[in-house]
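> File follows, coords_1.csv with CSV, C-alpha atoms and all ligand atoms:
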chain,number,residue,atom,x,y,z
A,1,MET,CA,66.1,23.2,-27.6
A,2,THR,CA,64.5,25.1,-24.7
A,3,ASP,CA,64.3,23.1,-21.5
A,4,ILE,CA,60.7,21.9,-20.8
A,5,LEU,CA,60.8,23.5,-17.4
A,6,GLU,CA,61.8,26.8,-18.9
A,7,ARG,CA,58.7,26.7,-21.0
A,8,TYR,CA,56.5,26.2,-17.9
A,9,ALA,CA,58.3,29.1,-16.3
A,10,ALA,CA,57.7,31.3,-19.4
A,11,ALA,CA,54.0,30.4,-19.4
A,12,MET,CA,53.7,31.6,-15.8
A,13,THR,CA,55.7,34.8,-16.5
A,14,SER,CA,53.2,35.5,-19.3
A,15,LEU,CA,50.3,34.9,-16.9
A,16,ALA,CA,51.8,37.2,-14.3
A,17,ALA,CA,52.3,40.0,-17.0
A,18,GLN,CA,48.5,39.8,-17.7
A,19,GLY,CA,47.6,39.8,-14.0
A,20,LEU,CA,46.3,36.2,-14.4
A,21,LEU,CA,48.8,34.2,-12.3
A,22,ARG,CA,47.0,32.2,-9.7
A,23,ARG,CA,48.5,31.6,-6.2
A,24,LEU,CA,47.2,29.5,-3.3
A,25,PRO,CA,45.9,31.6,-0.4
A,26,ASP,CA,47.6,31.4,3.0
A,27,ALA,CA,46.4,28.1,4.5
A,28,ALA,CA,47.1,29.4,8.0
A,29,ALA,CA,44.9,32.5,7.7
A,30,THR,CA,42.1,32.5,10.3
A,31,GLY,CA,39.6,34.9,11.7
A,32,GLN,CA,38.7,36.5,8.4
A,33,LEU,CA,35.2,37.3,7.3
A,34,ASP,CA,34.9,34.8,4.4
A,35,PHE,CA,32.9,35.4,1.3
A,36,SER,CA,35.2,33.2,-0.9
A,37,GLY,CA,33.7,29.8,-0.1
A,38,ASN,CA,30.7,27.8,-1.3
A,39,ASP,CA,29.4,26.6,2.0
A,40,TYR,CA,26.1,28.3,1.2
A,41,MET,CA,24.0,26.8,4.0
A,42,GLY,CA,26.8,26.9,6.6
A,43,LEU,CA,26.8,23.1,6.9
A,44,ALA,CA,30.6,22.3,6.5
A,45,LYS,CA,31.2,22.4,10.3
A,46,ARG,CA,27.9,21.2,11.5
A,47,PRO,CA,28.4,18.4,14.1
A,48,GLU,CA,25.7,16.2,12.5
A,49,LEU,CA,27.9,15.8,9.4
A,50,VAL,CA,31.1,15.1,11.4
A,51,ASP,CA,29.3,12.6,13.6
A,52,ALA,CA,27.7,10.8,10.6
A,53,ALA,CA,31.2,10.7,8.9
A,54,LEU,CA,32.8,9.2,12.0
A,55,GLU,CA,30.1,6.6,12.5
A,56,ALA,CA,30.4,5.5,8.9
A,57,GLY,CA,34.1,5.5,9.1
A,58,ARG,CA,34.0,3.1,12.1
A,59,LYS,CA,31.6,0.8,10.3
A,60,TYR,CA,33.0,0.8,6.8
A,61,GLY,CA,36.5,2.2,7.1
A,62,ALA,CA,38.2,5.5,6.2
A,63,GLY,CA,38.5,4.6,2.5
A,64,SER,CA,36.3,2.7,0.2
A,65,THR,CA,39.2,0.6,-1.0
A,66,GLY,CA,38.3,0.4,-4.7
A,67,SER,CA,36.0,1.3,-7.5
A,68,ARG,CA,32.3,0.8,-6.8
A,69,LEU,CA,32.4,-2.0,-9.3
A,70,LEU,CA,35.1,-3.8,-7.3
A,71,SER,CA,35.3,-3.4,-3.5
A,72,GLY,CA,34.0,0.1,-3.0
A,73,ASN,CA,30.3,-0.3,-2.9
A,74,THR,CA,29.0,0.2,0.6
A,75,PRO,CA,25.4,0.5,2.0
A,76,VAL,CA,26.1,4.2,2.6
A,77,HIS,CA,26.7,4.8,-1.1
A,78,THR,CA,23.5,3.1,-2.2
A,79,ALA,CA,21.5,4.7,0.6
A,80,PHE,CA,22.6,8.2,-0.5
A,81,GLU,CA,21.7,7.4,-4.1
A,82,ALA,CA,18.3,6.2,-3.2
A,83,ARG,CA,17.7,9.3,-1.2
A,84,ILE,CA,18.8,11.6,-4.0
A,85,ALA,CA,16.6,9.8,-6.6
A,86,ALA,CA,13.6,10.0,-4.3
A,87,ASP,CA,14.0,13.7,-3.6
A,88,LYS,CA,14.9,14.7,-7.1
A,89,GLY,CA,11.9,12.7,-8.5
A,90,THR,CA,14.0,10.5,-10.7
A,91,GLU,CA,14.2,6.7,-11.0
A,92,ALA,CA,17.8,6.5,-9.9
A,93,ALA,CA,21.0,8.4,-9.0
A,94,LEU,CA,24.7,7.8,-9.1
A,95,ILE,CA,27.4,9.4,-7.0
A,96,PHE,CA,31.0,10.3,-7.8
A,97,ALA,CA,34.1,11.6,-5.9
A,98,SER,CA,33.8,15.2,-7.3
A,99,GLY,CA,31.5,17.4,-9.3
A,100,TYR,CA,34.3,18.0,-11.8
A,101,GLN,CA,34.7,14.2,-12.3
A,102,THR,CA,30.9,13.8,-12.6
A,103,ASN,CA,30.6,16.3,-15.4
A,104,ALA,CA,33.7,15.3,-17.3
A,105,SER,CA,33.0,11.6,-17.3
A,106,CYS,CA,29.2,11.6,-17.6
A,107,ILE,CA,29.1,14.1,-20.4
A,108,ALA,CA,31.9,12.3,-22.2
A,109,ALA,CA,29.9,9.0,-21.9
A,110,LEU,CA,26.6,10.6,-22.9
A,111,LEU,CA,28.2,12.1,-26.0
A,112,ASP,CA,30.0,9.0,-27.1
A,113,ARG,CA,29.6,8.9,-30.9
A,114,THR,CA,30.5,5.2,-31.1
A,115,VAL,CA,27.3,4.6,-29.1
A,116,LEU,CA,25.2,7.3,-30.7
A,117,GLY,CA,26.2,6.4,-34.3
A,118,ALA,CA,27.2,10.0,-35.1
A,119,GLU,CA,28.8,13.1,-33.6
A,120,PRO,CA,26.0,14.6,-31.5
A,121,LEU,CA,24.8,18.1,-31.9
A,122,VAL,CA,25.7,19.7,-28.5
A,123,PHE,CA,23.9,22.9,-27.6
A,124,ALA,CA,25.6,24.6,-24.7
A,125,ASP,CA,25.1,27.8,-22.7
A,126,LYS,CA,28.2,30.1,-23.3
A,127,LEU,CA,29.0,30.3,-19.6
A,128,ASN,CA,28.8,26.6,-18.6
A,129,HIS,CA,31.5,25.4,-16.2
A,130,ALA,CA,34.9,24.2,-17.4
A,131,SER,CA,34.1,20.6,-16.4
A,132,MET,CA,31.2,20.5,-18.8
A,133,HIS,CA,33.6,21.7,-21.6
A,134,LEU,CA,36.0,19.0,-20.6
A,135,GLY,CA,33.3,16.3,-21.0
A,136,CYS,CA,32.6,17.6,-24.6
A,137,ALA,CA,36.3,17.7,-25.4
A,138,LEU,CA,36.8,14.1,-24.1
A,139,ALA,CA,34.1,13.0,-26.5
A,140,GLY,CA,35.5,15.0,-29.3
A,141,ALA,CA,32.1,16.8,-29.6
A,142,ARG,CA,32.0,20.4,-30.9
A,143,GLN,CA,29.7,22.7,-29.0
A,144,LEU,CA,27.1,25.0,-30.5
A,145,ARG,CA,27.2,27.7,-27.9
A,146,TYR,CA,24.1,29.9,-27.3
A,147,ARG,CA,24.2,33.3,-25.7
A,148,HIS,CA,24.1,33.0,-21.9
A,149,LEU,CA,20.5,32.2,-20.8
A,150,ASP,CA,19.1,33.2,-24.2
A,151,LEU,CA,16.6,30.5,-24.9
A,152,SER,CA,15.4,32.2,-28.1
A,153,HIS,CA,19.0,31.8,-29.4
A,154,LEU,CA,19.0,28.2,-28.3
A,155,LYS,CA,15.7,27.7,-30.1
A,156,ALA,CA,17.0,29.3,-33.3
A,157,LEU,CA,20.1,27.0,-33.2
A,158,LEU,CA,17.9,23.9,-32.6
A,159,GLU,CA,15.7,25.0,-35.6
A,160,LYS,CA,18.7,25.7,-37.8
A,161,HIS,CA,19.9,22.1,-37.3
A,162,ALA,CA,16.5,20.5,-37.3
A,163,ASP,CA,17.0,18.6,-40.5
A,164,GLU,CA,20.3,17.0,-39.4
A,165,ASP,CA,19.9,13.3,-38.5
A,166,ARG,CA,22.1,13.5,-35.4
A,167,PRO,CA,21.4,13.0,-31.7
A,168,ARG,CA,20.9,16.3,-29.8
A,169,VAL,CA,22.0,17.2,-26.3
A,170,ILE,CA,21.5,20.5,-24.4
A,171,LEU,CA,23.9,21.4,-21.6
A,172,SER,CA,23.3,24.1,-19.0
A,173,GLU,CA,23.9,25.0,-15.4
A,174,SER,CA,20.7,25.9,-13.4
A,175,VAL,CA,22.3,28.5,-11.1
A,176,PHE,CA,25.4,29.8,-12.8
A,177,GLY,CA,28.4,29.7,-10.5
A,178,MET,CA,30.2,32.9,-11.5
A,179,ASP,CA,27.2,35.1,-12.3
A,180,GLY,CA,24.6,34.0,-9.7
A,181,ASP,CA,21.8,34.0,-12.3
A,182,GLN,CA,19.3,31.3,-13.1
A,183,ALA,CA,18.2,29.2,-16.1
A,184,ASP,CA,14.6,28.5,-16.7
A,185,VAL,CA,14.8,24.7,-16.3
A,186,ALA,CA,11.2,24.0,-17.2
A,187,ALA,CA,11.5,26.0,-20.4
A,188,LEU,CA,14.8,24.2,-21.2
A,189,GLN,CA,13.2,20.9,-20.7
A,190,ALA,CA,10.2,21.9,-22.9
A,191,LEU,CA,12.6,22.9,-25.7
A,192,ALA,CA,14.6,19.7,-25.3
A,193,LEU,CA,11.4,17.6,-25.5
A,194,GLU,CA,10.2,19.5,-28.5
A,195,HIS,CA,13.4,18.9,-30.4
A,196,GLY,CA,14.1,15.3,-29.2
A,197,ALA,CA,17.1,16.4,-27.3
A,198,LEU,CA,18.6,15.0,-24.1
A,199,LEU,CA,18.9,17.7,-21.4
A,200,TYR,CA,21.8,17.8,-18.9
A,201,VAL,CA,21.4,20.3,-16.1
A,202,ASP,CA,24.2,21.1,-13.6
A,203,GLU,CA,22.7,22.0,-10.2
A,204,ALA,CA,26.1,22.5,-8.4
A,205,HIS,CA,25.1,25.9,-7.1
A,206,ALA,CA,21.3,25.3,-6.8
A,207,THR,CA,21.4,22.2,-4.7
A,208,GLY,CA,20.6,23.1,-1.1
A,209,VAL,CA,19.6,26.6,-1.8
A,210,PHE,CA,16.6,26.4,-4.2
A,211,GLY,CA,13.6,24.2,-4.6
A,212,PRO,CA,10.6,23.6,-2.3
A,213,ARG,CA,12.7,21.5,0.1
A,214,GLY,CA,16.1,22.7,-1.0
A,215,PHE,CA,16.9,20.0,-3.6
A,216,GLY,CA,17.6,22.4,-6.4
A,217,LEU,CA,15.8,24.3,-9.1
A,218,CYS,CA,14.9,21.0,-10.9
A,219,GLU,CA,12.9,19.8,-7.8
A,220,ALA,CA,9.9,21.9,-8.9
A,221,VAL,CA,10.0,20.4,-12.4
A,222,GLU,CA,8.5,17.1,-13.4
A,223,LEU,CA,11.6,15.6,-15.0
A,224,ALA,CA,11.5,13.6,-18.2
A,225,THR,CA,13.5,10.4,-18.5
A,226,THR,CA,15.6,12.3,-21.1
A,227,THR,CA,16.6,14.9,-18.5
A,228,VAL,CA,19.8,14.2,-16.5
A,229,VAL,CA,20.3,16.3,-13.5
A,230,MET,CA,23.8,16.7,-12.0
A,231,GLY,CA,24.7,18.3,-8.7
A,232,THR,CA,27.5,18.4,-6.2
A,233,MET,CA,28.0,17.9,-2.4
A,234,SER,CA,30.9,20.4,-2.5
A,235,LYS,CA,28.9,23.6,-2.2
A,236,ALA,CA,25.7,23.9,0.0
A,237,LEU,CA,26.1,20.4,1.4
A,238,GLY,CA,29.4,21.4,2.9
A,239,THR,CA,31.3,18.2,1.9
A,240,SER,CA,32.5,17.0,-1.5
A,241,GLY,CA,31.4,14.8,-4.3
A,242,GLY,CA,29.0,14.8,-7.2
A,243,TYR,CA,25.9,13.1,-8.3
A,244,VAL,CA,23.6,12.5,-11.3
A,245,ALA,CA,19.9,12.0,-10.9
A,246,CYS,CA,18.5,10.2,-13.9
A,247,SER,CA,16.5,7.3,-15.3
A,248,ARG,CA,17.5,3.7,-14.3
A,249,LEU,CA,18.6,3.2,-17.9
A,250,VAL,CA,21.0,6.2,-17.9
A,251,ARG,CA,22.4,5.1,-14.5
A,252,ASP,CA,23.1,1.6,-15.8
A,253,TYR,CA,24.7,3.1,-18.9
A,254,LEU,CA,26.9,5.4,-16.9
A,255,ILE,CA,28.0,2.5,-14.6
A,256,ASN,CA,29.2,0.8,-17.8
A,257,LYS,CA,30.5,3.8,-19.8
A,258,SER,CA,31.6,6.6,-17.4
A,259,GLY,CA,35.4,6.4,-17.0
A,260,GLY,CA,35.3,8.5,-13.9
A,261,PHE,CA,33.0,6.0,-12.3
A,262,ILE,CA,34.7,2.8,-13.5
A,263,PHE,CA,38.3,3.6,-13.2
A,264,SER,CA,38.3,5.7,-9.9
A,265,THR,CA,38.1,4.7,-6.3
A,266,ALA,CA,34.6,5.2,-4.9
A,267,PRO,CA,34.3,8.3,-2.6
A,268,SER,CA,35.2,7.5,1.0
A,269,PRO,CA,32.3,6.3,3.3
A,270,LEU,CA,33.2,9.2,5.6
A,271,VAL,CA,32.5,11.8,3.0
A,272,VAL,CA,29.4,10.0,1.6
A,273,ALA,CA,27.9,9.7,5.0
A,274,ALA,CA,28.5,13.4,5.7
A,275,GLY,CA,26.9,14.3,2.4
A,276,LEU,CA,23.8,12.1,3.2
A,277,SER,CA,23.6,13.8,6.6
A,278,ALA,CA,23.7,17.2,5.0
A,279,TRP,CA,21.1,16.2,2.4
A,280,GLU,CA,18.7,15.1,5.2
A,281,LEU,CA,19.0,18.5,6.9
A,282,LEU,CA,18.0,20.4,3.8
A,283,PRO,CA,14.2,20.2,4.1
A,284,GLY,CA,14.4,21.8,7.6
A,285,LEU,CA,16.4,24.8,6.4
A,286,ASP,CA,13.7,26.8,4.7
A,287,ALA,CA,13.9,29.8,7.0
A,288,GLU,CA,17.7,29.9,6.5
A,289,ARG,CA,17.2,29.8,2.7
A,290,ARG,CA,14.8,32.7,2.8
A,291,ALA,CA,17.1,34.7,5.0
A,292,LEU,CA,20.1,34.0,2.8
A,293,LEU,CA,18.3,35.1,-0.4
A,294,ALA,CA,16.9,38.2,1.3
A,295,ARG,CA,20.4,39.1,2.4
A,296,ALA,CA,21.7,38.6,-1.1
A,297,GLU,CA,19.0,41.0,-2.4
A,298,ARG,CA,20.0,43.7,0.1
A,299,LEU,CA,23.6,43.3,-0.8
A,300,ARG,CA,22.8,43.8,-4.5
A,301,GLN,CA,20.8,47.0,-3.6
A,302,GLY,CA,23.7,48.2,-1.5
A,303,LEU,CA,26.3,47.5,-4.2
A,304,ARG,CA,24.2,49.5,-6.8
A,305,LYS,CA,23.9,52.4,-4.4
A,306,LEU,CA,27.7,52.4,-4.3
A,307,GLY,CA,27.8,52.5,-8.1
A,308,LEU,CA,29.1,48.8,-8.2
A,309,ASP,CA,27.8,46.3,-10.7
A,310,PRO,CA,26.4,42.9,-9.4
A,311,GLY,CA,25.6,41.8,-13.0
A,312,GLY,CA,22.5,39.7,-13.4
A,313,SER,CA,22.7,38.0,-10.0
A,314,THR,CA,19.4,36.8,-8.5
A,315,THR,CA,20.8,34.4,-6.0
A,316,HIS,CA,23.2,33.9,-3.1
A,317,ILE,CA,26.2,34.3,-5.5
A,318,VAL,CA,26.8,38.0,-6.1
A,319,PRO,CA,29.6,39.2,-8.4
A,320,VAL,CA,31.0,42.7,-8.3
A,321,ILE,CA,32.1,43.2,-11.9
A,322,LEU,CA,35.2,45.4,-12.0
A,323,GLY,CA,36.5,44.8,-15.5
A,324,THR,CA,40.3,44.3,-15.5
A,325,PRO,CA,42.2,41.6,-13.6
A,326,GLU,CA,44.5,44.4,-12.1
A,327,ARG,CA,41.6,46.3,-10.6
A,328,THR,CA,40.0,43.2,-9.3
A,329,LEU,CA,43.1,42.0,-7.6
A,330,ALA,CA,43.7,45.4,-6.1
A,331,VAL,CA,40.2,45.6,-4.5
A,332,LYS,CA,40.5,42.0,-3.3
A,333,GLU,CA,43.9,42.9,-1.7
A,334,ARG,CA,42.5,46.0,0.0
A,335,LEU,CA,39.5,44.0,1.4
A,336,ALA,CA,42.0,41.4,2.7
A,337,GLN,CA,43.8,44.2,4.6
A,338,ARG,CA,40.5,44.8,6.3
A,339,GLY,CA,40.1,41.1,7.2
A,340,ILE,CA,37.5,40.3,4.4
A,341,LEU,CA,38.2,37.4,2.2
A,342,VAL,CA,36.7,37.4,-1.4
A,343,SER,CA,37.6,35.5,-4.6
A,344,ALA,CA,39.0,37.4,-7.5
A,345,VAL,CA,37.8,35.7,-10.7
A,346,ARG,CA,39.6,36.4,-13.9
A,347,PRO,CA,39.8,35.0,-17.5
A,348,PRO,CA,39.7,32.3,-18.5
A,349,THR,CA,37.2,31.5,-15.8
A,350,VAL,CA,35.1,34.5,-16.9
A,351,PRO,CA,35.1,36.3,-20.3
A,352,GLN,CA,37.6,39.0,-21.0
A,353,GLY,CA,36.7,42.4,-19.5
A,354,THR,CA,34.4,40.9,-16.8
A,355,SER,CA,37.0,40.2,-14.1
A,356,ARG,CA,35.1,40.3,-10.8
A,357,LEU,CA,35.0,39.7,-7.1
A,358,ARG,CA,32.8,36.7,-6.5
A,359,LEU,CA,30.9,37.0,-3.2
A,360,GLY,CA,29.5,33.6,-2.1
A,361,LEU,CA,26.9,34.3,0.7
A,362,SER,CA,26.3,31.8,3.4
A,363,ALA,CA,23.5,31.2,5.9
A,364,ALA,CA,26.3,31.5,8.5
A,365,HIS,CA,26.8,35.2,7.6
A,366,THR,CA,25.0,37.8,9.8
A,367,ASP,CA,23.5,41.2,8.9
A,368,ALA,CA,26.5,42.7,10.7
A,369,ASP,CA,28.9,40.8,8.4
A,370,MET,CA,27.0,42.2,5.4
A,371,ALA,CA,27.2,45.7,6.7
A,372,ARG,CA,30.9,45.3,7.2
A,373,LEU,CA,31.4,44.1,3.7
A,374,LEU,CA,29.4,47.0,2.2
A,375,ASP,CA,31.2,49.5,4.3
A,376,ALA,CA,34.6,48.2,3.2
A,377,LEU,CA,33.5,48.2,-0.5
A,378,GLY,CA,32.2,51.7,-0.1
A,379,GLY,CA,35.6,52.9,1.0
A,380,LEU,CA,37.1,51.4,-2.2
A,381,ALA,CA,34.5,52.2,-4.9
B,401,LIG,C1,28.8,24.6,-12.1
B,401,LIG,C2,29.8,23.7,-11.5
B,401,LIG,N1,29.8,22.4,-11.8
B,401,LIG,C3,30.7,21.6,-11.3
B,401,LIG,C4,31.7,22.0,-10.5
B,401,LIG,C5,32.7,21.0,-10.0
B,401,LIG,O1,32.4,20.6,-8.7
B,401,LIG,P1,33.4,20.1,-7.6
B,401,LIG,O2,34.0,21.3,-7.0
B,401,LIG,O3,32.6,19.3,-6.7
B,401,LIG,O4,34.5,19.3,-8.3
B,401,LIG,C6,31.8,23.3,-10.1
B,401,LIG,C7,32.8,23.8,-9.2
B,401,LIG,O5,33.1,24.9,-8.9
B,401,LIG,C8,30.8,24.2,-10.7
B,401,LIG,O6,30.8,25.5,-10.4
Would you write the structure of this file as structure tokens?

Amino acid sequence: MTDILERYAAAMTSLAAQGLLRRLPDAAATGQLDFSGNDYMGLAKRPELVDAALEAGRKYGAGSTGSRLLSGNTPVHTAFEARIAADKGTEAALIFASGYQTNASCIAALLDRTVLGAEPLVFADKLNHASMHLGCALAGARQLRYRHLDLSHLKALLEKHADEDRPRVILSESVFGMDGDQADVAALQALALEHGALLYVDEAHATGVFGPRGFGLCEAVELATTTVVMGTMSKALGTSGGYVACSRLVRDYLINKSGGFIFSTAPSPLVVAAGLSAWELLPGLDAERRALLARAERLRQGLRKLGLDPGGSTTHIVPVILGTPERTLAVKERLAQRGILVSAVRPPTVPQGTSRLRLGLSAAHTDADMARLLDALGGLA
């Protein structure tokens, strides 16, 4: 029989042959112009966040020492949740150690057929994040996937299954992380209400960048108690962690049914305090948000002039769709030689034939940085 390690090696050889092998970037590399991160508001290194983390650490310790249900519930956790709920306009909120954990464990709990009495009908945007798929898989729930952002397709699927006596759930991101386009959250909620469906919206990439005070695209929508909004602290908030903003009932349910909440150590007070500090800065960053989005628009115009394709991006996330993994890796490498760091995104993260550079813009970038990026891309296009 083939040795198990040989099978792992063969899997990686096969990935390499397809241009899909992943490698960690050089941890020691510094001084590069970085478009590969998600620190959209440039908060990760702000002293306010570091100071808040240190203060909480001195008060509550470096670690939370246990699950929230045991020893890990500190005032900083509950204060952050109260703040998220107030600013998202929901009754309650619940935080987790990561966004991935939030999606996987909350979606699994919300789709639990032993609770729902039947396998739910799950309507999901085709380009939803891997962690949302994992939540469905953990619940053993099949997904009815509608074309990306195509609400008429979603409506048709809802109508097609209208006679089935099964609970309904709609899953979508609000700003899509690999394409930088946006869902119409109000229209999604209206469809969900019309069809008696629970709506679950992932605001990982919208939190901090969109909304009247920066609390996400859902901030402008009056949320129903059947809408659950998820977001992360790992992108524009410059720290790490995830949250759901929801009704009190859903929060209580998740405290009892979400494995990622029950069986995992609560996020460190250091990280939670930094996240809360970042959250409190958001309403004051309106000018930075406007500048960021204007810079993204100029970048898209510049890319089109170069004959490059930014897809359907309308946000601070701008893909440059190049097609094959090989071409994408080659352009990434040549940009790196010029000191510019970008992400090369390949299948299975994105569909076949749409390998791309993913440019994550940050409020910390300058107009000169953007000019340097376009100039470098111009030399390669
Ligand atoms: C849409 C979306 N949801 C959830 C996550 C997971 O969040 P985290 O990185 O905090 O685990 C990501 C991460 O990239 C994401 O893009």
> For a cutoff of 10 Å around the file-coordinate point (13.3, 23.3, -7.6), which residues qualify once you count all atoms listed in the file? I'd like the result as a ChimeraX atom specification.
/A:88,174,185-186,203,206-222
> Choose the residue, out of A:Gly37, A:Gly117, A:Gly302, A:Pro167, that has the smallest atom-to-atom separation from ligand LIG 401 (chain B); count all atoms listed in the file.
A:Gly37
> Please compute the atom P1 of ligand LIG 401 (chain B)-atom CA of A:Gly259 distance, one decimal, in Å.
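One can read the atom P1 of ligand LIG 401 (chain B) to atom CA of A:Gly259 distance as 16.7 Å.
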> All residues within 10 Å of ligand LIG 401 (chain B) are required, counting all atoms listed in the file; please report them as a ChimeraX atom specification.
/A:38,96-104,127-132,172-178,201-206,230-235,239-243
> I'd like the neighbourhood of A:Gln352 as a tab-separated table (two decimals) with C-alpha atoms, in the frame of the given file, where a residue qualifies if any of its atoms comes within 12 Å (using only C-alpha atoms), though same-chain residues fewer than 6 positions away should be ignored.

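The resulting file, out_30.tsv, is reproduced below:
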chain	number	residue	atom	x	y	z
A	18	GLN	CA	48.50	39.80	-17.70
A	20	LEU	CA	46.30	36.20	-14.40
A	321	ILE	CA	32.10	43.20	-11.90
A	322	LEU	CA	35.20	45.40	-12.00
A	323	GLY	CA	36.50	44.80	-15.50
A	324	THR	CA	40.30	44.30	-15.50
A	325	PRO	CA	42.20	41.60	-13.60
A	345	VAL	CA	37.80	35.70	-10.70
A	346	ARG	CA	39.60	36.40	-13.90
> Please fill the gaps in stretch 16-36 of chain A so it has N, CA and C atoms, and write that as a tab-separated table (two decimals), keeping the file's coordinate frame.

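Saved the output as selection-v4.tsv:
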chain	number	residue	atom	x	y	z
A	16	ALA	N	51.58	36.14	-15.33
A	16	ALA	CA	51.80	37.20	-14.30
A	16	ALA	C	51.73	38.58	-15.03
A	17	ALA	N	52.28	38.67	-16.24
A	17	ALA	CA	52.30	40.00	-17.00
A	17	ALA	C	50.85	40.41	-17.27
A	18	GLN	N	49.95	39.44	-17.41
A	18	GLN	CA	48.50	39.80	-17.70
A	18	GLN	C	47.68	39.91	-16.44
A	19	GLY	N	48.31	39.77	-15.28
A	19	GLY	CA	47.60	39.80	-14.00
A	19	GLY	C	46.74	38.55	-13.80
A	20	LEU	N	47.15	37.45	-14.43
A	20	LEU	CA	46.30	36.20	-14.40
A	20	LEU	C	47.00	35.07	-13.64
A	21	LEU	N	48.14	35.34	-13.01
A	21	LEU	CA	48.80	34.20	-12.30
A	21	LEU	C	48.00	33.89	-11.04
A	22	ARG	N	47.79	32.60	-10.84
A	22	ARG	CA	47.00	32.20	-9.70
A	22	ARG	C	48.00	31.71	-8.58
A	23	ARG	N	47.67	32.01	-7.34
A	23	ARG	CA	48.50	31.60	-6.20
A	23	ARG	C	47.55	31.03	-5.13
A	24	LEU	N	48.04	30.05	-4.37
A	24	LEU	CA	47.20	29.50	-3.30
A	24	LEU	C	47.15	30.57	-2.16
A	25	PRO	N	45.96	30.75	-1.59
A	25	PRO	CA	45.90	31.60	-0.40
A	25	PRO	C	46.60	31.04	0.77
A	26	ASP	N	46.86	31.88	1.75
A	26	ASP	CA	47.60	31.40	3.00
A	26	ASP	C	46.70	30.43	3.71
A	27	ALA	N	47.21	29.21	3.83
A	27	ALA	CA	46.40	28.10	4.50
A	27	ALA	C	46.23	28.40	5.97
A	28	ALA	N	47.12	29.19	6.55
A	28	ALA	CA	47.10	29.40	8.00
A	28	ALA	C	46.19	30.58	8.40
A	29	ALA	N	45.71	31.34	7.41
A	29	ALA	CA	44.90	32.50	7.70
A	29	ALA	C	43.64	32.16	8.44
A	30	THR	N	43.36	32.78	9.55
A	30	THR	CA	42.10	32.50	10.30
A	30	THR	C	41.46	33.81	10.69
A	31	GLY	N	40.23	33.71	11.11
A	31	GLY	CA	39.60	34.90	11.70
A	31	GLY	C	39.11	35.89	10.68
A	32	GLN	N	39.19	35.56	9.38
A	32	GLN	CA	38.70	36.50	8.40
A	32	GLN	C	37.24	36.34	8.12
A	33	LEU	N	36.62	37.42	7.69
A	33	LEU	CA	35.20	37.30	7.30
A	33	LEU	C	35.24	36.78	5.85
A	34	ASP	N	34.68	35.58	5.67
A	34	ASP	CA	34.90	34.80	4.40
A	34	ASP	C	33.74	34.84	3.48
A	35	PHE	N	33.94	35.47	2.32
A	35	PHE	CA	32.90	35.40	1.30
A	35	PHE	C	33.48	34.64	0.05
A	36	SER	N	34.55	33.87	0.28
A	36	SER	CA	35.20	33.20	-0.90
A	36	SER	C	34.77	31.76	-1.02
